[in-house]
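*Asks:* I'm passing along start-v7.csv; it holds CSV, C-alpha atoms and all ligand atoms.
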```csv
chain,number,residue,atom,x,y,z
B,1,MET,CA,0.4,-6.2,-1.7
B,2,SER,CA,3.6,-8.2,-1.6
B,3,GLY,CA,5.3,-9.1,1.6
B,4,ARG,CA,8.5,-10.7,2.9
B,5,GLY,CA,9.3,-12.1,6.3
B,6,PHE,CA,12.1,-11.5,8.6
B,7,PRO,CA,15.2,-13.7,9.0
B,8,GLY,CA,14.8,-16.4,11.7
B,9,ASN,CA,11.1,-15.9,11.6
B,10,ARG,CA,9.4,-16.8,8.4
B,11,GLU,CA,11.3,-19.4,6.5
B,12,ASP,CA,10.3,-18.4,3.0
B,13,GLU,CA,13.2,-16.1,2.1
B,14,ASP,CA,16.9,-15.4,2.7
B,15,LEU,CA,16.9,-11.7,3.3
B,16,SER,CA,20.7,-11.3,3.1
B,17,THR,CA,20.0,-10.5,-0.6
B,18,HIS,CA,17.9,-7.5,0.5
B,19,LYS,CA,20.5,-5.2,2.0
B,20,ALA,CA,18.6,-1.9,2.0
B,21,THR,CA,20.0,0.9,-0.1
B,22,VAL,CA,17.0,3.1,0.1
B,23,HIS,CA,16.2,5.0,3.3
B,24,LYS,CA,12.6,4.1,3.4
B,25,ALA,CA,10.9,0.9,4.6
B,26,THR,CA,7.4,-0.4,5.3
B,27,VAL,CA,6.6,-3.2,7.7
B,28,LYS,CA,3.4,-4.8,8.7
B,29,ALA,CA,3.4,-6.3,12.2
B,30,PRO,CA,0.7,-8.1,14.0
B,31,PRO,CA,-0.3,-7.8,17.7
B,32,ASN,CA,0.0,-10.8,20.0
B,33,ILE,CA,-2.3,-12.2,22.7
B,34,ALA,CA,-0.5,-13.2,25.9
B,35,PHE,CA,-1.4,-16.5,27.5
B,36,ILE,CA,0.9,-15.7,30.4
B,37,LYS,CA,1.1,-11.9,30.8
B,38,TYR,CA,3.7,-9.3,31.4
B,39,TRP,CA,2.4,-7.2,34.3
B,40,GLY,CA,4.9,-5.4,36.4
B,41,ALA,CA,8.4,-4.4,35.6
B,42,ARG,CA,11.7,-4.5,37.5
B,43,ASP,CA,12.8,-1.6,35.3
B,44,LEU,CA,9.9,0.0,33.5
B,45,GLU,CA,12.0,2.4,31.6
B,46,ARG,CA,13.7,-0.5,29.8
B,47,ALA,CA,10.8,-2.8,30.0
B,48,ILE,CA,12.5,-5.5,32.1
B,49,PRO,CA,9.6,-7.6,33.4
B,50,PHE,CA,9.2,-9.4,36.7
B,51,ASN,CA,8.1,-12.6,35.0
B,52,PRO,CA,8.5,-14.4,31.7
B,53,SER,CA,5.5,-14.2,29.4
B,54,ILE,CA,4.1,-16.4,26.6
B,55,SER,CA,2.0,-15.3,23.7
B,56,MET,CA,0.5,-16.2,20.3
B,57,THR,CA,1.1,-13.8,17.4
B,58,LEU,CA,-2.0,-13.0,15.4
B,59,GLU,CA,-2.4,-13.0,11.7
B,60,ARG,CA,-5.2,-10.7,10.5
B,61,CYS,CA,-5.0,-7.7,12.8
B,62,TYR,CA,-2.0,-5.5,12.0
B,63,SER,CA,-0.2,-2.2,12.4
B,64,ARG,CA,1.6,-1.0,9.2
B,65,CYS,CA,4.3,1.6,9.4
B,66,THR,CA,6.4,3.4,6.8
B,67,VAL,CA,9.6,5.1,8.0
B,68,GLU,CA,11.8,7.3,5.9
B,69,TRP,CA,15.2,8.4,7.2
B,70,LEU,CA,16.1,12.0,6.1
B,71,ASP,CA,19.8,12.7,6.4
B,72,GLN,CA,19.1,16.3,7.5
B,73,ASP,CA,18.4,18.1,10.8
B,74,GLY,CA,14.8,18.7,11.7
B,75,GLU,CA,11.8,17.4,13.8
B,76,HIS,CA,10.5,13.9,13.2
B,77,ASP,CA,7.2,14.1,11.3
B,78,ILE,CA,4.7,11.5,12.6
B,79,LYS,CA,1.4,10.8,11.0
B,80,TRP,CA,-1.2,8.3,12.2
B,81,ARG,CA,-4.4,6.6,10.9
B,82,GLY,CA,-6.5,5.0,13.6
B,83,GLY,CA,-9.0,3.4,11.1
B,84,GLY,CA,-11.2,4.6,8.3
B,85,GLY,CA,-10.2,8.2,7.5
B,86,GLY,CA,-7.0,9.8,6.3
B,87,PHE,CA,-3.6,10.3,8.1
B,88,GLU,CA,-3.5,13.0,10.8
B,89,ALA,CA,-1.1,14.1,13.5
B,90,ALA,CA,-0.7,11.2,16.0
B,91,PRO,CA,-2.3,11.7,19.4
B,92,PRO,CA,0.2,13.6,21.6
B,93,ALA,CA,1.1,10.9,24.1
B,94,PHE,CA,1.5,8.3,21.3
B,95,ALA,CA,3.5,10.7,19.2
B,96,GLU,CA,5.8,11.4,22.1
B,97,ARG,CA,6.5,7.7,22.6
B,98,ILE,CA,7.2,7.2,18.9
B,99,ARG,CA,9.5,10.3,19.0
B,100,ALA,CA,11.4,8.9,22.0
B,101,HIS,CA,11.8,5.5,20.3
B,102,LEU,CA,13.0,7.1,17.0
B,103,ASP,CA,15.6,9.1,19.1
B,104,ARG,CA,16.7,5.8,20.8
B,105,LEU,CA,17.1,4.0,17.5
B,106,ARG,CA,19.0,6.9,16.0
B,107,LEU,CA,21.4,6.8,18.9
B,108,TRP,CA,21.7,3.1,18.7
B,109,ALA,CA,22.6,3.4,15.0
B,110,GLY,CA,25.0,6.3,15.6
B,111,VAL,CA,23.5,8.6,13.0
B,112,GLY,CA,21.9,12.0,12.9
B,113,GLY,CA,19.0,13.2,10.8
B,114,CYS,CA,15.3,12.8,11.4
B,115,PHE,CA,12.5,10.5,10.4
B,116,ARG,CA,9.2,10.8,8.5
B,117,VAL,CA,6.7,8.2,9.9
B,118,ALA,CA,3.2,7.1,8.9
B,119,THR,CA,1.6,4.4,10.9
B,120,GLU,CA,-1.9,2.8,10.8
B,121,ASN,CA,-3.8,0.1,12.6
B,122,SER,CA,-6.4,-2.3,11.2
B,123,PHE,CA,-8.1,-2.5,14.6
B,124,PRO,CA,-9.1,-0.1,17.5
B,125,ALA,CA,-6.0,1.3,19.2
B,126,ALA,CA,-5.3,1.4,23.0
B,127,ALA,CA,-8.4,-0.7,23.7
B,128,GLY,CA,-6.5,-3.7,25.2
B,129,LEU,CA,-5.8,-5.2,21.7
B,130,ALA,CA,-2.1,-4.8,21.9
B,131,SER,CA,-1.9,-2.0,19.4
B,132,SER,CA,1.3,-0.8,21.1
B,133,ALA,CA,2.9,-4.2,20.6
B,134,SER,CA,2.2,-4.3,16.9
B,135,GLY,CA,2.8,-0.5,16.5
B,136,PHE,CA,6.2,-0.5,18.2
B,137,ALA,CA,7.2,-3.8,16.5
B,138,ALA,CA,6.4,-2.3,13.1
B,139,LEU,CA,8.1,1.0,13.9
B,140,THR,CA,11.3,-0.7,15.1
B,141,LEU,CA,11.5,-3.1,12.1
B,142,ALA,CA,10.8,-0.3,9.6
B,143,THR,CA,13.2,2.2,11.2
B,144,THR,CA,16.1,-0.3,11.4
B,145,ARG,CA,15.6,-1.2,7.7
B,146,ALA,CA,15.3,2.4,6.7
B,147,LEU,CA,18.6,3.0,8.4
B,148,GLY,CA,20.1,0.1,6.2
B,149,HIS,CA,20.3,-2.6,8.9
B,150,ASN,CA,19.3,-6.1,8.3
B,151,LEU,CA,19.3,-7.5,11.8
B,152,ALA,CA,18.7,-10.9,13.4
B,153,VAL,CA,15.3,-11.3,15.0
B,154,SER,CA,16.8,-11.5,18.5
B,155,GLU,CA,18.3,-8.0,18.1
B,156,LEU,CA,15.0,-6.7,16.6
B,157,SER,CA,13.1,-8.1,19.5
B,158,SER,CA,15.5,-6.5,22.0
B,159,LEU,CA,15.2,-3.1,20.2
B,160,ALA,CA,11.4,-3.4,20.1
B,161,ARG,CA,11.3,-4.1,23.8
B,162,ALA,CA,13.4,-1.0,24.5
B,163,SER,CA,10.4,1.1,23.1
B,164,GLY,CA,8.9,0.7,26.5
B,165,SER,CA,6.1,-1.4,25.2
B,166,GLY,CA,7.6,-4.7,26.4
B,167,SER,CA,5.1,-6.9,24.6
B,168,ALA,CA,6.4,-5.5,21.3
B,169,ALA,CA,9.4,-7.8,21.9
B,170,ARG,CA,7.1,-10.7,21.2
B,171,SER,CA,5.4,-9.2,18.1
B,172,VAL,CA,8.5,-9.3,16.0
B,173,LEU,CA,8.2,-13.1,16.0
B,174,GLY,CA,5.5,-15.3,14.6
B,175,GLY,CA,3.7,-18.3,16.1
B,176,TYR,CA,4.1,-19.1,19.8
B,177,VAL,CA,6.6,-16.9,21.6
B,178,GLU,CA,8.2,-16.7,25.0
B,179,TRP,CA,9.9,-13.5,26.4
B,180,PRO,CA,12.0,-14.3,29.4
B,181,SER,CA,12.5,-12.0,32.4
B,182,GLY,CA,15.9,-10.6,33.4
B,183,ASP,CA,18.1,-8.1,31.6
B,184,SER,CA,21.0,-10.3,30.5
B,185,ALA,CA,21.7,-10.3,26.7
B,186,GLU,CA,20.0,-13.7,26.4
B,187,ALA,CA,16.9,-12.7,28.5
B,188,CYS,CA,16.1,-9.4,27.0
B,189,HIS,CA,14.6,-10.6,23.8
B,190,ALA,CA,11.8,-13.0,22.9
B,191,TYR,CA,12.2,-16.3,21.0
B,192,GLN,CA,9.9,-18.6,19.2
B,193,LEU,CA,8.6,-21.7,21.1
B,194,ALA,CA,6.8,-23.0,18.0
B,195,PRO,CA,6.0,-21.7,14.6
B,196,ALA,CA,2.4,-20.9,13.6
B,197,ASP,CA,2.0,-24.1,11.6
B,198,HIS,CA,2.8,-26.2,14.7
B,199,TRP,CA,-0.7,-25.6,16.0
B,200,SER,CA,-3.6,-23.8,14.3
B,201,LEU,CA,-5.4,-21.9,17.0
B,202,CYS,CA,-8.0,-19.1,16.6
B,203,ASP,CA,-8.6,-16.0,18.6
B,204,VAL,CA,-12.2,-14.6,18.3
B,205,ILE,CA,-12.1,-11.1,19.8
B,206,ALA,CA,-15.3,-9.8,21.2
B,207,LEU,CA,-15.3,-6.0,21.2
B,208,VAL,CA,-17.3,-4.6,24.1
B,209,GLU,CA,-15.5,-1.3,24.0
B,210,THR,CA,-13.5,0.4,21.3
B,211,GLY,CA,-12.5,3.6,23.0
B,212,PRO,CA,-9.1,4.0,24.5
B,213,LYS,CA,-8.8,2.5,28.0
B,214,ALA,CA,-8.7,4.8,31.0
B,215,VAL,CA,-5.4,3.5,32.4
B,216,SER,CA,-2.5,2.7,30.2
B,217,SER,CA,-0.7,-0.6,30.6
B,218,LEU,CA,2.4,1.4,31.6
B,219,ASP,CA,0.5,2.8,34.6
B,220,GLY,CA,-0.7,-0.8,35.2
B,221,HIS,CA,2.9,-2.1,35.4
B,222,ARG,CA,3.7,0.8,37.7
B,223,ARG,CA,0.9,-0.1,40.1
B,224,ALA,CA,1.2,-3.9,40.0
B,225,GLU,CA,3.4,-4.3,43.0
B,226,SER,CA,1.0,-2.4,45.2
B,227,SER,CA,-1.5,-5.3,45.0
B,228,PRO,CA,-1.5,-7.8,47.9
B,229,TYR,CA,-2.0,-10.5,45.2
B,230,PHE,CA,1.1,-9.5,43.2
B,231,VAL,CA,3.4,-11.8,45.1
B,232,ARG,CA,0.9,-14.7,45.0
B,233,ARG,CA,0.6,-14.4,41.3
B,234,GLN,CA,4.4,-14.5,40.9
B,235,GLU,CA,4.5,-17.7,43.0
B,236,LEU,CA,1.9,-19.3,40.7
B,237,LEU,CA,3.6,-18.3,37.5
B,238,PRO,CA,6.5,-20.9,37.2
B,239,GLY,CA,4.0,-23.7,37.3
B,240,ARG,CA,1.7,-22.0,34.8
B,241,LEU,CA,4.6,-21.1,32.4
B,242,GLU,CA,5.6,-24.8,32.4
B,243,ALA,CA,2.0,-25.9,31.8
B,244,VAL,CA,1.6,-23.5,28.9
B,245,ARG,CA,5.0,-24.6,27.3
B,246,GLU,CA,4.0,-28.2,27.6
B,247,ALA,CA,0.5,-27.6,26.3
B,248,ILE,CA,1.9,-25.9,23.2
B,249,THR,CA,4.4,-28.7,22.6
B,250,ASP,CA,1.7,-31.4,23.1
B,251,ARG,CA,-1.1,-29.3,21.4
B,252,ASP,CA,-3.2,-29.9,24.5
B,253,PHE,CA,-5.9,-27.3,24.1
B,254,ALA,CA,-7.9,-28.1,27.3
B,255,ARG,CA,-4.7,-27.7,29.4
B,256,LEU,CA,-3.7,-24.5,27.7
B,257,GLY,CA,-7.2,-23.1,27.9
B,258,SER,CA,-7.7,-23.7,31.6
B,259,VAL,CA,-4.3,-22.1,32.5
B,260,LEU,CA,-4.7,-19.1,30.3
B,261,GLU,CA,-8.2,-18.3,31.6
B,262,ALA,CA,-7.1,-18.6,35.2
B,263,GLU,CA,-4.0,-16.4,34.5
B,264,ALA,CA,-6.1,-13.7,32.9
B,265,ILE,CA,-8.5,-13.6,35.8
B,266,ASP,CA,-5.5,-13.3,38.2
B,267,LEU,CA,-4.0,-10.5,36.3
B,268,HIS,CA,-7.2,-8.5,36.5
B,269,CYS,CA,-7.4,-9.3,40.3
B,270,VAL,CA,-4.0,-7.8,40.6
B,271,ALA,CA,-5.1,-4.7,38.6
B,272,MET,CA,-8.4,-4.4,40.6
B,273,THR,CA,-6.5,-4.5,43.9
B,274,SER,CA,-3.6,-2.2,43.0
B,275,GLN,CA,-3.4,1.2,44.5
B,276,PRO,CA,-5.2,3.0,43.1
B,277,PRO,CA,-7.3,0.1,41.6
B,278,ILE,CA,-7.7,-0.4,37.9
B,279,PHE,CA,-11.0,-1.8,36.6
B,280,TYR,CA,-10.5,-2.7,33.0
B,281,TRP,CA,-13.6,-5.0,32.9
B,282,GLN,CA,-16.9,-3.5,31.8
B,283,PRO,CA,-20.4,-5.2,32.2
B,284,GLY,CA,-20.0,-6.4,28.6
B,285,THR,CA,-16.8,-8.3,29.6
B,286,LEU,CA,-18.7,-10.3,32.2
B,287,SER,CA,-21.5,-11.2,29.7
B,288,VAL,CA,-18.9,-12.4,27.3
B,289,LEU,CA,-17.2,-14.5,30.0
B,290,ALA,CA,-20.6,-16.0,31.0
B,291,ALA,CA,-21.3,-16.8,27.3
B,292,ILE,CA,-17.9,-18.6,27.0
B,293,ARG,CA,-18.7,-20.7,30.1
B,294,GLN,CA,-22.0,-21.6,28.5
B,295,LEU,CA,-20.2,-22.5,25.3
B,296,ARG,CA,-18.1,-24.9,27.3
B,297,ARG,CA,-21.2,-26.4,29.0
B,298,ASP,CA,-22.5,-26.9,25.4
B,299,GLY,CA,-19.4,-28.9,24.5
B,300,VAL,CA,-17.4,-26.1,22.7
B,301,ALA,CA,-13.8,-25.8,23.9
B,302,ALA,CA,-13.4,-22.0,24.2
B,303,TYR,CA,-11.4,-20.1,26.8
B,304,ALA,CA,-11.1,-16.4,27.6
B,305,THR,CA,-8.3,-14.0,28.1
B,306,MET,CA,-8.2,-10.2,28.5
B,307,ASP,CA,-5.3,-7.9,28.2
B,308,ALA,CA,-5.3,-4.4,29.7
B,309,GLY,CA,-8.8,-3.6,28.5
B,310,ALA,CA,-12.5,-4.7,28.5
B,311,ASN,CA,-12.4,-6.7,25.3
B,312,VAL,CA,-12.3,-10.5,25.4
B,313,HIS,CA,-10.0,-12.8,23.4
B,314,THR,CA,-11.6,-16.2,23.0
B,315,LEU,CA,-9.1,-18.9,22.2
B,316,CYS,CA,-10.6,-21.9,20.3
B,317,GLN,CA,-9.8,-24.4,17.6
B,318,PRO,CA,-10.5,-23.8,13.9
B,319,ASP,CA,-13.6,-26.1,13.8
B,320,ASP,CA,-15.2,-24.1,16.6
B,321,ALA,CA,-14.3,-20.5,15.5
B,322,GLU,CA,-17.4,-19.8,13.5
B,323,CYS,CA,-19.8,-21.0,16.2
B,324,VAL,CA,-17.9,-19.0,18.8
B,325,ALA,CA,-18.0,-15.9,16.6
B,326,THR,CA,-21.7,-16.3,16.0
B,327,ARG,CA,-22.6,-16.9,19.6
B,328,LEU,CA,-20.5,-14.0,20.9
B,329,GLY,CA,-21.7,-11.7,18.1
B,330,GLU,CA,-25.3,-12.2,19.2
B,331,LEU,CA,-24.7,-10.8,22.6
B,332,GLU,CA,-26.1,-7.3,23.1
B,333,ALA,CA,-22.9,-6.1,24.8
B,334,VAL,CA,-20.7,-7.1,21.8
B,335,GLY,CA,-20.4,-4.4,19.2
B,336,ASP,CA,-18.2,-6.3,16.8
B,337,VAL,CA,-16.3,-9.6,16.6
B,338,ILE,CA,-12.8,-9.9,15.0
B,339,SER,CA,-11.9,-13.5,14.0
B,340,ASP,CA,-8.2,-13.9,14.0
B,341,ARG,CA,-5.8,-16.8,14.3
B,342,VAL,CA,-2.1,-17.6,14.9
B,343,GLY,CA,0.1,-16.1,12.2
B,344,PRO,CA,3.7,-16.2,10.9
B,345,GLY,CA,4.8,-12.7,12.1
B,346,PRO,CA,5.8,-9.4,10.6
B,347,GLU,CA,6.5,-8.8,6.9
B,348,ILE,CA,8.3,-6.3,4.9
B,349,GLN,CA,6.2,-4.6,2.3
B,350,ASP,CA,7.1,-3.0,-1.0
B,351,GLU,CA,4.2,-0.6,-1.1
B,352,HIS,CA,4.7,2.4,1.2
B,353,LEU,CA,2.2,4.5,3.0
B,354,PHE,CA,3.6,7.7,1.5
A,1,LIG,O1,3.8,-4.1,26.6
A,1,LIG,P1,2.9,-3.3,27.4
A,1,LIG,O2,3.6,-2.4,28.3
A,1,LIG,O3,1.8,-2.6,26.5
A,1,LIG,O4,2.1,-4.3,28.4
A,1,LIG,C1,1.3,-5.4,28.0
A,1,LIG,C2,0.4,-5.8,29.0
A,1,LIG,C3,-0.6,-6.9,28.7
A,1,LIG,O5,-1.1,-6.8,27.4
A,1,LIG,C4,-1.8,-6.8,29.7
A,1,LIG,C5,0.1,-8.3,28.9
A,1,LIG,C6,1.0,-8.8,27.8
A,1,LIG,O6,1.9,-9.5,28.2
A,1,LIG,O7,0.7,-8.5,26.6
```
For the structure just supplied, provide its representation as structure tokens.
*Replies:*
Amino acid sequence: MSGRGFPGNREDEDLSTHKATVHKATVKAPPNIAFIKYWGARDLERAIPFNPSISMTLERCYSRCTVEWLDQDGEHDIKWRGGGGGFEAAPPAFAERIRAHLDRLRLWAGVGGCFRVATENSFPAAAGLASSASGFAALTLATTRALGHNLAVSELSSLARASGSGSAARSVLGGYVEWPSGDSAEACHAYQLAPADHWSLCDVIALVETGPKAVSSLDGHRRAESSPYFVRRQELLPGRLEAVREAITDRDFARLGSVLEAEAIDLHCVAMTSQPPIFYWQPGTLSVLAAIRQLRRDGVAAYATMDAGANVHTLCQPDDAECVATRLGELEAVGDVISDRVGPGPEIQDEHLF
């Protein structure tokens, strides 16, 4: 399947020659894994975060979305494929969020009509693997193109953020990405800290649970401030953000790893001490974390981070990725292992889903 990147993201093409004339577009967008996480919002409706976040965009996992704009009145038609089987009606809560975002984009574009949407994931949805980041990034990019717009990546990021899935703001860019806090025009979109080819890092994802998580990240953001550790985490973040920026610039993996693991544990401490508490970790999460500590004792540089879910992302360098995947795959608690790595970001595809 052929693919093209977005302006200001991939460097392989000048897309000014691709002014859309058709009202249909397909985009494949990857999830991202946050080294410093978005957890808690000043304005949840608009996804204005309390703190900046930094992530790495993945390459192999993806959401793919085809959007067709129909210049006629009617309901949006939203189909979804979670994996394996055929397309079906999207789960109601997800369909509702998609519908709201389509309405938002229609208003932004100043047009009427309705949309036909098909979206699919290559990996389990709503299991803490950032399917909403990739899903809403793909939806935003495909919808704006279907409407005939060829936007700068900063504007695409800002529109993706407005979906309510703030981390989607980071998934429109490849490589290593920072999303600032604040709601000024400069702060409300993500930007690239370094391209994927700056530093080849791997993410070995140990799946200990593939069902949807019990508490959505939106509810997590809502409850974050109720934790007594919320303020302490915010105090620690400026130093951590600087350490992660420097570690990326210097390609200092030991420094990056120690900060990202501490940050992930703190985020889950905040979740576990929120009112009411949120326990994303499962027994399998702890056995993967123990195996990663053992890998380090054995001389393998591997560090863990978890988003809002039980599954563990293990960051490592390419030479260690196979060993890490084998060791984690042997654990009884691990159902499957996805070996991913840093990637160049979303791409436009010529082949549509319908
Ligand atoms: O973008 P949301 O609302 O799905 O929240 C993302 C939350 C985390 O994945 C836990 C952290 C992050 O920055 O990706």
*Asks:* Output the neighbourhood of ligand LIG 1 (chain A) as a ChimeraX atom specification, that is, all protein and nucleic acid residues with some atom at most 7 Å from the ligand, counting only C-alpha atoms and all ligand atoms.
*Replies:* /B:33-34,36-39,53,128,130,132-133,164-168,217-218,307-308
*Asks:* Between CA of Val312 (chain B) and CA of Glu235 (chain B), what is the distance, to one decimal in Å?
*Replies:*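 So the two atoms, CA of Val312 (chain B) and CA of Glu235 (chain B), lie 25.4 Å apart.
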*Asks:* For a cutoff of 10 Å around the file-coordinate point (-1.4, -23.1, 25.8), which residues qualify once you count all atoms listed in the file? I'd like the result as a VMD selection string.
*Replies:* chain B and resid 34 to 36 54 to 56 176 201 240 to 260 315
*Asks:* Taking into account only C-alpha atoms, which residue in the set B:Leu295, B:Val67, B:Val215, B:Met272 is nearest to Leu102 (chain B)?
*Replies:* B:Val67
*Asks:* Could you check how far CA of Asp73 (chain B) sits from CA of Glu120 (chain B), in Å to one decimal?
*Replies:*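 One can read the CA of Asp73 (chain B) to CA of Glu120 (chain B) distance as 25.4 Å.
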*Asks:* May I have the residues within 12 Å of region 285-292 of chain B as a ChimeraX atom specification, using all atoms listed in the file and disregarding those fewer than 3 positions away in the same chain?
*Replies:* /B:204-209,257,261,264-265,268,279-282,295-307,309-316,323-335,337
*Asks:* Counting all atoms listed in the file, which of B:Asp266, B:Asp219, B:Arg106, B:Ala41 gets nearest to Leu237 (chain B)?
*Replies:*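 Checking each of B:Asp266, B:Asp219, B:Arg106, B:Ala41 against Leu237 (chain B), counting all atoms listed in the file, the winner is B:Asp266.
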*Asks:* If I take CA of Asp350 (chain B) and CA of Thr66 (chain B), how far is one from the other in Å, to one decimal?
*Replies:*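 For CA of Asp350 (chain B) relative to CA of Thr66 (chain B), the distance reads 10.1 Å.
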*Asks:* Pick the closest to Val153 (chain B) from B:Gly86, B:Gly135, B:Gly345, B:Gly3: which is it, counting only C-alpha atoms?
*Replies:*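 The answer is B:Gly345, which sits nearest to Val153 (chain B).
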*Asks:* Could you list, as a ChimeraX atom specification, every residue within 8 Å of Val177 (chain B), counting all atoms listed in the file and ignoring same-chain residues fewer than 6 positions away?
*Replies:* /B:54-57,170,190-194
*Asks:* So which residues touch Gly182 (chain B) within 9 Å, counting only C-alpha atoms, skipping near sequence neighbours fewer than 2 positions away, as a ChimeraX atom specification?
*Replies:* /B:42,48-52,180,184-188
*Asks:* Restricting the calculation to only C-alpha atoms: of B:Lys213, B:Leu159, B:Pro276, B:Arg222, which residue gets closest to Leu107 (chain B)?
*Replies:*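 That would be B:Leu159, the residue with the smallest distance to Leu107 (chain B).
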*Asks:* Kindly indicate which residue among B:Gly74, B:Gly211, B:Pro91, B:Gly175 lies nearest to Pro30 (chain B), using only C-alpha atoms for the distances.
*Replies:*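 Of B:Gly74, B:Gly211, B:Pro91, B:Gly175, the one nearest Pro30 (chain B) is B:Gly175, counting only C-alpha atoms.
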*Asks:* Could you check the closest approach to Ala47 (chain B) for each of B:Ala142, B:Ala162, B:Val342, B:Ala29 and tell me which residue wins, using all atoms listed in the file?
*Replies:*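 Among the listed residues, B:Ala162 lies closest to Ala47 (chain B).
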